[in-house]
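Chemist: Structure file target_39.txt, compact mmCIF, C-alpha atoms, is pasted below:
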```
# COMPACT_ATOMS: atom_id res chain seq x y z
CA MET A 29 -51.79 -6.27 15.18
CA ALA A 30 -51.33 -7.89 18.57
CA LYS A 31 -50.68 -5.59 21.49
CA PHE A 32 -48.35 -6.72 24.25
CA ILE A 33 -48.77 -5.63 27.86
CA SER A 34 -45.69 -3.95 29.34
CA GLU A 35 -43.54 -5.68 31.94
CA GLU A 36 -44.20 -2.76 34.30
CA THR A 37 -47.95 -3.45 34.24
CA ILE A 38 -47.42 -7.19 34.70
CA ASP A 39 -45.10 -6.57 37.66
CA GLU A 40 -47.62 -4.21 39.26
CA VAL A 41 -50.36 -6.82 38.95
CA LYS A 42 -48.04 -9.51 40.30
CA ASN A 43 -47.52 -7.39 43.43
CA VAL A 44 -51.23 -7.67 44.25
CA THR A 45 -51.81 -10.37 46.87
CA ALA A 46 -54.61 -12.92 46.81
CA TYR A 47 -55.92 -11.35 50.04
CA GLU A 48 -56.07 -7.84 48.54
CA LEU A 49 -57.82 -9.12 45.43
CA ALA A 50 -60.34 -11.16 47.41
CA VAL A 51 -61.27 -8.12 49.52
CA GLN A 52 -61.60 -5.91 46.45
CA MET A 53 -63.79 -8.53 44.78
CA GLY A 54 -66.14 -8.44 47.77
CA TYR A 55 -65.32 -11.80 49.30
CA SER A 56 -65.97 -12.28 52.99
CA VAL A 57 -62.43 -12.44 54.40
CA LYS A 58 -61.83 -13.08 58.09
CA SER A 59 -58.70 -13.54 60.17
CA SER A 60 -57.94 -17.01 61.51
CA GLY A 61 -54.56 -17.30 63.22
CA THR A 62 -51.81 -17.06 60.60
CA SER A 63 -54.33 -17.19 57.73
CA TRP A 64 -57.25 -15.37 56.20
CA VAL A 65 -60.30 -17.55 55.60
CA THR A 66 -62.78 -16.94 52.78
CA TYR A 67 -65.03 -18.71 50.31
CA CYS A 68 -63.59 -20.81 47.50
CA PRO A 69 -63.20 -18.69 44.34
CA ASN A 70 -63.93 -21.70 42.11
CA PRO A 71 -67.38 -21.00 40.54
CA ASN A 72 -67.83 -24.71 39.80
CA HIS A 73 -67.44 -25.55 43.48
CA CYS A 74 -71.02 -25.22 44.71
CA SER A 75 -70.91 -27.49 47.78
CA GLU A 76 -69.09 -24.99 50.01
CA LYS A 77 -71.60 -23.68 52.59
CA ARG A 78 -69.00 -22.03 54.80
CA PRO A 79 -65.59 -20.49 54.16
CA LYS A 80 -62.91 -23.16 53.95
CA THR A 81 -60.36 -21.50 51.69
CA TYR A 82 -57.31 -20.31 53.62
CA ILE A 83 -54.91 -17.57 52.49
CA SER A 84 -51.59 -17.51 54.35
CA LYS A 85 -50.94 -14.04 55.79
CA TYR A 86 -47.22 -14.43 55.25
CA LYS A 87 -46.67 -16.82 52.36
CA GLY A 88 -49.59 -15.49 50.28
CA ILE A 89 -50.59 -18.98 49.15
CA PHE A 90 -54.23 -20.10 49.24
CA LYS A 91 -55.97 -23.46 49.20
CA CYS A 92 -59.54 -24.74 49.48
CA PHE A 93 -59.90 -27.36 52.22
CA ASP A 94 -63.54 -28.23 51.61
CA GLY A 95 -64.41 -31.91 51.29
CA GLY A 96 -65.47 -31.54 47.66
CA GLY A 97 -61.92 -31.84 46.40
CA CYS A 98 -62.13 -29.03 43.86
CA GLY A 99 -58.34 -28.64 43.80
CA CYS A 100 -58.47 -24.86 44.05
CA LYS A 101 -55.10 -23.54 45.20
CA GLY A 102 -52.45 -21.05 44.20
CA ALA A 103 -49.74 -18.67 45.29
CA ASP A 104 -50.90 -15.22 44.17
CA ALA A 105 -53.72 -12.98 42.98
CA ILE A 106 -53.35 -14.17 39.37
CA THR A 107 -54.16 -17.77 40.22
CA PHE A 108 -56.96 -16.65 42.58
CA TYR A 109 -58.55 -14.59 39.79
CA CYS A 110 -58.04 -17.38 37.26
CA TRP A 111 -59.93 -19.84 39.45
CA SER A 112 -62.74 -17.31 39.94
CA GLN A 113 -63.19 -16.71 36.22
CA PHE A 114 -62.27 -19.96 34.52
CA GLY A 115 -62.65 -22.62 37.23
CA GLU A 116 -59.02 -23.67 36.80
CA TRP A 117 -55.46 -22.41 36.77
CA ASP A 118 -53.93 -22.51 33.30
CA ARG A 119 -51.29 -20.14 31.89
CA LYS A 120 -53.33 -19.76 28.70
CA HIS A 121 -55.53 -17.38 30.74
CA PHE A 122 -52.57 -15.34 31.99
CA PHE A 123 -53.08 -12.13 30.02
CA ASN A 124 -56.84 -12.16 30.56
CA CYS A 125 -56.07 -12.42 34.29
CA ILE A 126 -53.66 -9.48 34.09
CA LEU A 127 -56.31 -7.31 32.42
CA GLY A 128 -59.04 -8.47 34.81
CA ILE A 129 -57.03 -7.80 37.97
CA ALA A 130 -55.87 -4.44 36.63
CA GLU A 131 -59.49 -3.41 36.11
CA ILE A 132 -60.53 -4.54 39.60
CA MET A 133 -57.56 -2.92 41.36
CA GLY A 134 -57.57 0.27 39.29
CA ILE A 135 -54.16 -0.39 37.74
CA ASN A 136 -53.40 1.51 34.53
CA VAL A 137 -52.63 -0.98 31.75
CA VAL A 138 -49.67 0.18 29.68
CA TYR A 139 -48.73 -1.63 26.47
CA GLU A 140 -45.24 -1.99 25.02
CA ASP A 141 -46.05 0.58 22.34
CA GLY A 142 -46.59 3.15 25.09
CA GLN A 143 -50.37 3.30 24.77
CA SER A 144 -52.47 2.84 27.90
CA LYS A 145 -55.95 1.68 28.70
CA ARG A 146 -57.90 2.52 31.83
CA SER A 147 -61.64 1.94 31.97
CA ASP A 148 -63.56 4.44 34.06
CA GLU A 149 -66.93 2.97 33.18
CA ASP A 150 -69.05 1.33 35.83
CA LYS A 151 -69.32 -2.29 34.82
CA THR A 152 -71.18 -5.16 36.39
CA PRO A 153 -68.52 -7.53 37.77
CA LYS A 154 -68.22 -10.86 36.00
CA TYR A 155 -67.17 -12.50 39.24
CA GLN A 156 -69.34 -13.58 42.16
CA VAL A 157 -69.55 -10.86 44.78
CA ARG A 158 -69.93 -11.84 48.43
CA PRO A 159 -70.62 -9.33 51.21
CA PHE A 160 -67.53 -8.24 53.09
CA ILE A 161 -67.71 -9.03 56.80
CA GLU A 162 -65.73 -6.72 59.03
CA GLU A 163 -63.19 -8.46 61.23
CA VAL A 164 -63.92 -8.36 64.95
CA LYS A 165 -61.24 -6.48 66.84
CA PRO A 166 -59.95 -8.21 70.01
CA GLN A 167 -60.00 -6.46 73.38
CA SER A 168 -56.97 -4.42 74.44
CA ASP A 169 -53.82 -6.08 75.74
CA GLU A 170 -54.70 -4.82 79.24
CA ILE A 171 -58.10 -6.53 79.27
CA CYS A 172 -56.81 -9.75 77.69
CA ASP A 173 -54.00 -9.88 80.25
CA ARG A 174 -56.39 -9.62 83.21
CA VAL A 175 -58.74 -12.26 81.81
CA TYR A 176 -56.00 -14.72 80.84
CA ARG A 177 -54.16 -14.44 84.16
CA ARG A 178 -57.30 -15.13 86.18
CA PHE A 179 -58.41 -17.87 83.77
CA LEU A 180 -55.07 -19.67 83.99
CA SER A 181 -55.05 -19.39 87.78
CA LEU A 182 -58.33 -21.35 87.78
CA CYS A 183 -57.19 -23.99 85.28
CA PRO A 184 -55.88 -27.33 86.58
CA ILE A 185 -52.36 -28.72 86.33
CA TYR A 186 -52.50 -32.41 85.41
CA GLU A 187 -49.69 -34.71 86.49
CA GLU A 188 -49.13 -36.02 82.95
CA HIS A 189 -48.36 -32.49 81.77
CA VAL A 190 -46.08 -31.75 84.72
CA HIS A 191 -44.16 -34.90 83.81
CA GLU A 192 -43.76 -33.66 80.19
CA TRP A 193 -42.61 -30.21 81.33
CA ARG A 194 -40.07 -31.65 83.74
CA SER A 195 -38.71 -34.54 81.66
CA LYS A 196 -39.09 -33.58 77.99
CA ARG A 197 -38.78 -29.80 78.35
CA LYS A 198 -36.34 -29.84 81.27
CA TYR A 199 -38.24 -27.10 83.13
CA SER A 200 -37.84 -26.66 86.87
CA ASP A 201 -40.99 -26.16 88.94
CA GLN A 202 -40.06 -22.48 89.30
CA GLU A 203 -39.84 -22.14 85.50
CA ILE A 204 -43.23 -23.81 85.05
CA VAL A 205 -44.77 -21.27 87.39
CA ALA A 206 -42.89 -18.33 85.86
CA ILE A 207 -43.98 -19.17 82.29
CA GLY A 208 -47.58 -19.75 83.43
CA LEU A 209 -48.19 -23.22 81.98
CA ARG A 210 -51.63 -24.67 82.78
CA SER A 211 -53.67 -27.65 81.58
CA VAL A 212 -56.78 -27.40 79.41
CA PRO A 213 -59.77 -28.57 81.52
CA LYS A 214 -60.77 -32.08 80.44
CA SER A 215 -64.41 -32.07 81.48
CA TYR A 216 -67.29 -29.71 80.76
CA LYS A 217 -68.08 -29.64 84.49
CA GLU A 218 -64.57 -28.45 85.31
CA LEU A 219 -64.64 -25.81 82.57
CA ASN A 220 -68.15 -24.65 83.52
CA ILE A 221 -67.02 -23.90 87.08
CA ILE A 222 -64.13 -21.80 85.74
CA ILE A 223 -66.36 -19.86 83.33
CA ARG A 224 -68.96 -19.22 86.03
CA THR A 225 -66.25 -17.99 88.39
CA LEU A 226 -64.89 -15.55 85.80
CA LEU A 227 -68.37 -14.15 85.08
CA SER A 228 -69.32 -13.92 88.76
CA GLU A 229 -66.13 -11.96 89.43
CA GLY A 230 -67.08 -9.41 86.79
CA PHE A 231 -64.68 -10.42 84.00
CA SER A 232 -65.97 -9.61 80.52
CA LEU A 233 -65.16 -12.36 78.03
CA GLU A 234 -66.49 -10.43 75.05
CA ARG A 235 -63.90 -10.27 72.22
CA VAL A 236 -61.20 -11.98 74.28
CA PRO A 237 -59.64 -14.49 71.82
CA GLY A 238 -60.36 -18.08 72.79
CA PHE A 239 -63.62 -17.37 74.62
CA THR A 240 -66.81 -17.78 72.64
CA LYS A 241 -70.57 -18.26 72.93
CA ARG A 242 -72.31 -21.40 71.71
CA LEU A 243 -75.99 -22.09 71.26
CA ARG A 244 -77.70 -24.37 73.76
CA LYS A 245 -79.17 -27.60 72.35
CA GLY A 246 -82.53 -26.76 70.86
CA GLY A 247 -81.90 -23.04 71.39
CA ASN A 248 -83.02 -20.20 69.17
CA PRO A 249 -80.16 -18.08 67.72
CA ILE A 250 -82.18 -14.87 68.07
CA HIS A 251 -82.70 -15.41 71.82
CA GLU A 252 -79.67 -14.13 73.74
CA GLY A 253 -80.55 -16.33 76.73
CA ASP A 254 -79.99 -19.45 74.64
CA TRP A 255 -76.28 -18.66 74.22
CA PHE A 256 -73.66 -19.69 76.78
CA TRP A 257 -69.95 -18.94 77.27
CA THR A 258 -67.30 -21.59 76.69
CA ILE A 259 -63.80 -21.81 75.19
CA SER A 260 -62.61 -22.67 71.71
CA ALA A 261 -59.87 -25.15 72.57
CA SER A 262 -59.17 -28.82 73.02
CA GLY A 263 -55.84 -30.40 73.75
CA LYS A 264 -53.27 -30.70 76.50
CA TYR A 265 -52.20 -27.36 77.93
CA PHE A 266 -51.94 -23.59 77.49
CA ILE A 267 -48.74 -21.61 76.84
CA PRO A 268 -48.96 -17.83 77.44
CA LEU A 269 -47.54 -15.25 75.02
CA ARG A 270 -46.44 -11.85 76.35
CA ASN A 271 -45.89 -8.42 74.84
CA ALA A 272 -42.97 -6.09 75.61
CA ARG A 273 -44.71 -4.90 78.80
CA GLY A 274 -45.13 -8.37 80.26
CA GLN A 275 -48.85 -8.62 79.57
CA MET A 276 -50.27 -12.00 78.58
CA ILE A 277 -51.81 -11.04 75.26
CA ARG A 278 -52.58 -14.48 73.75
CA LEU A 279 -52.47 -18.19 74.53
CA ARG A 280 -51.22 -21.13 72.49
CA VAL A 281 -52.60 -24.62 72.94
CA SER A 282 -50.51 -27.78 72.84
CA THR A 283 -52.90 -30.15 71.07
CA GLY A 284 -51.17 -33.50 71.46
CA ARG A 285 -51.79 -34.16 67.74
CA GLU A 286 -48.93 -35.05 65.42
CA ASN A 287 -50.36 -33.30 62.37
CA LYS A 288 -50.85 -30.00 64.21
CA LYS A 289 -48.97 -29.88 67.50
CA TYR A 290 -49.94 -26.32 68.43
CA MET A 291 -52.87 -24.07 67.70
CA TRP A 292 -53.96 -20.57 68.67
CA PHE A 293 -56.50 -20.00 71.45
CA SER A 294 -58.75 -18.20 68.99
CA SER A 295 -62.49 -17.72 68.54
CA ALA A 296 -63.44 -15.71 65.47
CA PRO A 297 -67.26 -15.53 65.29
CA ASN A 298 -68.91 -17.35 62.39
CA ILE A 299 -72.68 -16.69 62.63
CA GLU A 300 -72.57 -14.56 59.47
CA TYR A 301 -71.81 -17.56 57.28
CA VAL A 302 -72.73 -20.72 59.22
CA ASP A 303 -76.26 -22.11 58.97
CA ASP A 304 -75.76 -25.14 61.23
CA VAL A 305 -76.78 -24.06 64.76
CA ASN A 306 -74.47 -26.70 66.24
CA GLU A 307 -71.46 -24.95 64.70
CA MET A 308 -72.46 -21.36 65.38
CA ARG A 309 -70.09 -19.23 67.46
CA LYS A 310 -70.29 -15.57 68.42
CA ALA A 311 -68.87 -12.89 70.77
CA GLY A 312 -65.26 -14.06 70.39
CA ALA A 313 -62.35 -12.73 68.32
CA SER A 314 -59.44 -14.04 66.30
CA SER A 315 -56.10 -14.33 68.05
CA GLY A 316 -54.08 -13.17 65.09
CA ALA A 317 -50.43 -14.25 65.22
CA PRO A 318 -48.49 -11.85 67.48
CA LEU A 319 -44.87 -11.97 68.58
CA ASN A 320 -43.94 -13.49 71.94
CA ILE A 321 -41.50 -11.41 74.01
CA ILE A 322 -39.48 -13.78 76.16
CA ALA A 323 -37.08 -13.25 79.04
CA PRO A 324 -35.30 -15.79 81.28
CA SER A 325 -37.53 -17.29 83.97
CA SER A 326 -35.76 -15.29 86.69
CA ILE A 327 -36.90 -12.12 84.91
CA LEU A 328 -40.40 -13.52 84.29
CA GLN A 329 -40.81 -14.04 88.03
CA ALA A 330 -39.86 -10.42 88.78
CA TRP A 331 -41.47 -8.78 85.72
CA GLU A 332 -44.00 -6.21 86.87
CA ILE A 333 -46.97 -5.98 84.51
CA GLY A 334 -46.84 -2.83 82.41
CA VAL A 335 -43.08 -2.30 82.75
CA GLU A 336 -40.97 -2.53 79.60
CA VAL A 337 -38.82 -5.67 79.46
CA THR A 338 -35.77 -3.52 78.71
CA LYS A 339 -35.92 -2.24 82.30
CA TYR A 340 -34.87 -5.73 83.37
CA LEU A 341 -32.77 -6.99 80.49
CA ALA A 342 -30.28 -5.52 78.00
CA SER A 343 -31.64 -5.14 74.48
CA ASP A 344 -28.43 -4.38 72.57
CA VAL A 345 -28.37 -8.02 71.42
CA VAL A 346 -31.70 -9.77 70.73
CA VAL A 347 -32.28 -13.37 69.60
CA CYS A 348 -35.17 -14.18 67.25
CA SER A 349 -36.49 -17.75 67.12
CA GLU A 350 -39.75 -19.67 66.71
CA GLY A 351 -41.78 -22.02 68.86
CA GLU A 352 -42.88 -21.28 72.41
CA HIS A 353 -40.98 -24.03 74.26
CA LYS A 354 -37.87 -23.57 72.11
CA SER A 355 -37.86 -19.85 72.84
CA TYR A 356 -38.42 -20.14 76.61
CA ILE A 357 -35.72 -22.81 76.97
CA SER A 358 -33.22 -20.91 74.80
CA SER A 359 -33.79 -17.65 76.69
CA ASN A 360 -33.16 -19.42 80.00
CA ILE A 361 -29.87 -20.89 78.81
CA LEU A 362 -28.61 -17.83 76.93
CA GLN A 363 -29.90 -15.37 79.57
CA LYS A 364 -30.89 -13.02 76.75
CA LEU A 365 -33.96 -11.17 75.51
CA LEU A 366 -35.68 -13.24 72.86
CA ILE A 367 -38.44 -12.60 70.33
CA GLY A 368 -40.54 -15.62 69.45
CA VAL A 369 -42.01 -15.30 65.95
CA PRO A 370 -45.15 -17.27 65.00
CA GLY A 371 -43.43 -18.97 62.07
CA ALA A 372 -40.34 -19.04 59.89
CA GLY A 373 -40.17 -15.99 57.64
CA ILE A 374 -42.56 -13.86 59.72
CA TYR A 375 -40.62 -10.77 60.71
CA LYS A 376 -42.90 -7.84 59.89
CA ASP A 377 -43.46 -6.78 63.52
CA VAL A 378 -39.87 -7.28 64.65
CA ILE A 379 -38.27 -4.14 63.17
CA PRO A 380 -40.43 -1.63 65.13
CA LEU A 381 -39.45 -3.35 68.39
CA LEU A 382 -35.75 -3.34 67.54
CA ARG A 383 -35.99 0.34 66.69
CA GLN A 384 -37.75 1.06 69.99
CA TRP A 385 -35.18 -0.95 71.96
CA ARG A 386 -32.22 0.58 70.06
CA THR A 387 -30.98 -2.91 69.34
CA GLN A 388 -27.52 -3.09 67.78
CA LYS A 389 -27.42 -6.76 66.85
CA LEU A 390 -30.13 -9.27 65.97
CA VAL A 391 -29.53 -13.02 65.97
CA ILE A 392 -31.87 -15.17 63.85
CA ALA A 393 -31.90 -18.77 65.07
CA MET A 394 -34.62 -20.69 63.23
CA ASP A 395 -35.04 -24.45 63.17
CA MET A 396 -32.60 -25.98 60.72
CA ASP A 397 -35.39 -27.77 58.86
CA ALA A 398 -36.96 -24.35 58.18
CA LEU A 399 -33.78 -23.14 56.50
CA LEU A 400 -32.55 -26.35 54.89
CA ASP A 401 -34.49 -28.47 52.41
CA GLU A 402 -32.57 -31.30 50.73
CA THR A 403 -35.47 -31.83 48.30
CA LYS A 404 -34.78 -28.40 46.76
CA GLU A 405 -32.09 -27.90 44.11
CA ALA A 406 -30.34 -25.22 46.19
CA GLY A 407 -30.61 -27.31 49.33
CA LYS A 408 -32.55 -24.62 51.12
CA ASN A 409 -36.10 -23.41 51.67
CA LYS A 410 -36.45 -20.66 49.05
CA TYR A 411 -39.49 -19.06 50.70
CA VAL A 412 -37.81 -18.65 54.09
CA PHE A 413 -34.59 -17.35 52.55
CA GLU A 414 -36.45 -14.78 50.45
CA HIS A 415 -38.21 -13.40 53.51
CA LEU A 416 -35.01 -13.55 55.55
CA THR A 417 -33.11 -11.65 52.86
CA GLU A 418 -35.81 -8.97 52.65
CA PHE A 419 -35.91 -8.61 56.42
CA ALA A 420 -32.11 -8.50 56.71
CA LYS A 421 -31.91 -5.79 54.03
CA GLN A 422 -34.38 -3.63 55.94
CA ALA A 423 -32.56 -4.19 59.24
CA LEU A 424 -29.15 -3.48 57.72
CA ASP A 425 -29.92 -0.64 55.32
CA GLU A 426 -32.73 1.22 57.07
CA GLU A 427 -31.97 0.61 60.72
CA GLY A 428 -28.23 -0.05 60.70
CA ILE A 429 -28.68 -3.18 62.83
CA GLU A 430 -26.08 -5.93 62.59
CA ILE A 431 -27.88 -9.12 61.67
CA VAL A 432 -26.47 -12.65 61.94
CA ILE A 433 -27.74 -16.19 61.54
CA TRP A 434 -26.96 -18.99 63.97
CA CYS A 435 -26.55 -22.36 62.26
CA TRP A 436 -25.72 -25.86 63.44
CA ASP A 437 -25.60 -29.41 62.20
CA PRO A 438 -29.27 -30.52 61.94
CA GLN A 439 -28.23 -34.03 62.94
CA LEU A 440 -27.34 -32.62 66.37
CA GLY A 441 -30.79 -31.11 66.87
CA LYS A 442 -33.70 -29.53 65.06
CA GLY A 443 -34.07 -26.37 67.15
CA LEU A 444 -31.77 -24.00 69.01
CA ASP A 445 -32.96 -25.43 72.33
CA ASP A 446 -31.92 -28.95 71.26
CA ILE A 447 -28.25 -28.06 70.85
CA LEU A 448 -28.11 -25.67 73.83
CA LEU A 449 -29.43 -28.41 76.12
CA GLN A 450 -26.46 -30.50 74.92
CA SER A 451 -24.07 -27.62 75.69
CA ILE A 452 -23.37 -27.24 71.97
CA LEU A 453 -22.98 -23.72 70.58
CA PRO A 454 -23.95 -22.73 67.02
CA ILE A 455 -21.91 -21.13 64.25
CA GLU A 456 -22.60 -17.43 63.64
CA ILE A 457 -22.77 -16.11 60.06
CA ASP A 458 -22.62 -12.34 59.51
CA LEU A 459 -25.02 -11.51 56.68
CA ARG A 460 -23.06 -8.42 55.65
CA THR A 461 -19.51 -9.79 55.59
CA LYS A 462 -20.35 -13.54 55.31
CA ALA A 463 -17.79 -14.12 58.07
CA ARG A 464 -18.26 -17.25 60.22
CA ARG A 465 -17.33 -17.69 63.85
CA LEU A 466 -18.18 -19.91 66.78
CA VAL A 467 -20.70 -18.37 69.14
CA THR A 468 -19.39 -17.61 72.63
CA LEU A 469 -21.56 -16.87 75.64
```
Now, as a test, write the supplied structure out as structure tokens.
Modeler:
Amino acid sequence: MAKFISEETIDEVKNVTAYELAVQMGYSVKSSGTSWVTYCPNPNHCSEKRPKTYISKYKGIFKCFDGGGCGCKGADAITFYCWSQFGEWDRKHFFNCILGIAEIMGINVVYEDGQSKRSDEDKTPKYQVRPFIEEVKPQSDEICDRVYRRFLSLCPIYEEHVHEWRSKRKYSDQEIVAIGLRSVPKSYKELNIIIRTLLSEGFSLERVPGFTKRLRKGGNPIHEGDWFWTISASGKYFIPLRNARGQMIRLRVSTGRENKKYMWFSSAPNIEYVDDVNEMRKAGASSGAPLNIIAPSSILQAWEIGVEVTKYLASDVVVCSEGEHKSYISSNILQKLLIGVPGAGIYKDVIPLLRQWRTQKLVIAMDMDALLDETKEAGKNKYVFEHLTEFAKQALDEEGIEIVIWCWDPQLGKGLDDILLQSILPIEIDLRTKARRLVTL
């Protein structure tokens, strides 16, 4: 007689993320910006010599980006396990995946007849086990702030970037200085002088995201003297990110590339899994994907390092948006405290700040193309709305914070900054009452 697994067990297994399963299976999982990077779980994919499978920290989806074209991708732990065991994703393996994940994660399997099965025997895993590599922890915010401020003060400001900041972004020269925009050095000679200056002045670059050591040509990896400091960045210019105490905790890089306009100034070491000496990096750390606490430029100019932003600016109403330029421009026009999130749907670190600031009202003002999707049946991005709904429920029910969404006609502009620069105000939608009203400043 066939036995059917209970819905409760299936739901519990479905709540396991691909990241959690990969770690439990012994995969080497390292942080890389907004993703975790690991080896491809496809056992038939033997060409992968370094981790090129990325697991989104917020969406939970994973995909192998190796050149072999194995097609390994999925959205949860079930598909990750299926690829690892069967070299494919097919629903015919679904119940075997449920049982396999339950065994790995220690989940008690309950059947519809009420019987349960839990194996306490030590079994040799059927899956390939890779050694887990501990993630390198970045230096403290205080140390990163000191290094980044001195580093940026030594970086050039190229005329082409000043032109973009003034014309495209509409920044004044005072705002450029207040934000801390600086160009990425174009030549090795220019960068080498900056690095040498930092080291001669006693700055430690160890575990400061973005700074890394590379091996000299013909060098021996086991000889420390053959390694030299450099940065892990190429592109146009740096944009600083600050915490609630005004410290520059991370940098973003404007790349100038259409396919990926911005990237993190990040330098996770890779010597544990890279054999090619030309690609080896060590002594750095991953940037992660922190929030950016933004105040109007007049506040940025006066903001004393280490002082809470709420000493300068009211926090009863806070605006939450995405994108560094969008956030800085919007804060300047609105003259309000703003939280820049690293991507649509990423709100996990926002609630603790709102609680600390005793915020009464939160405005979410994401790009319209992040909320709307005409290719979807409902005309909206389901992923973003699911995360937004979950976040709003927590803010409303647990914290008692009023939460609203600002919306506008996407034909008038993609981001909040686009419409504000045109002196157009958005429509405010109250998520509790569904009431709509025109925003007034």
Chemist: Counting only C-alpha atoms, figure out which residue out of A:Gly230, A:Pro213, A:Pro438, A:Gly443 gets nearest to A:Tyr186.
Modeler: A:Pro213
Chemist: Have a look at atom CA of A:Tyr86 and atom CA of A:Ala261 and let me know their distance in Å, one decimal.
Modeler: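 These atoms are spaced 24.0 Å apart.
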Chemist: Nearest to A:Ile267: which of A:Val137, A:Leu449, A:Leu180, A:Ala296 is it, counting all atoms listed in the file?
Modeler: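 Between A:Val137, A:Leu449, A:Leu180, A:Ala296, the residue approaching A:Ile267 most closely is A:Leu180.
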Chemist: Taking only C-alpha atoms into account, which of A:Ser56, A:Phe108, A:Ile204, A:Ser181 comes nearest A:Gly128?
Modeler: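 Of the candidates, the smallest distance to A:Gly128 is held by A:Phe108.
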Chemist: Out of A:Met276, A:Val51, A:Val175, A:Cys92, which residue has the shortest atom-to-atom distance to A:Pro69 when counting only C-alpha atoms?
Modeler: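 Using only C-alpha atoms, A:Pro69 sits closest to A:Cys92.
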Chemist: What's the 12 Å shell around A:Gly441, counting only C-alpha atoms, without same-chain residues fewer than 3 positions away, as a count of residues only?
Modeler: 20
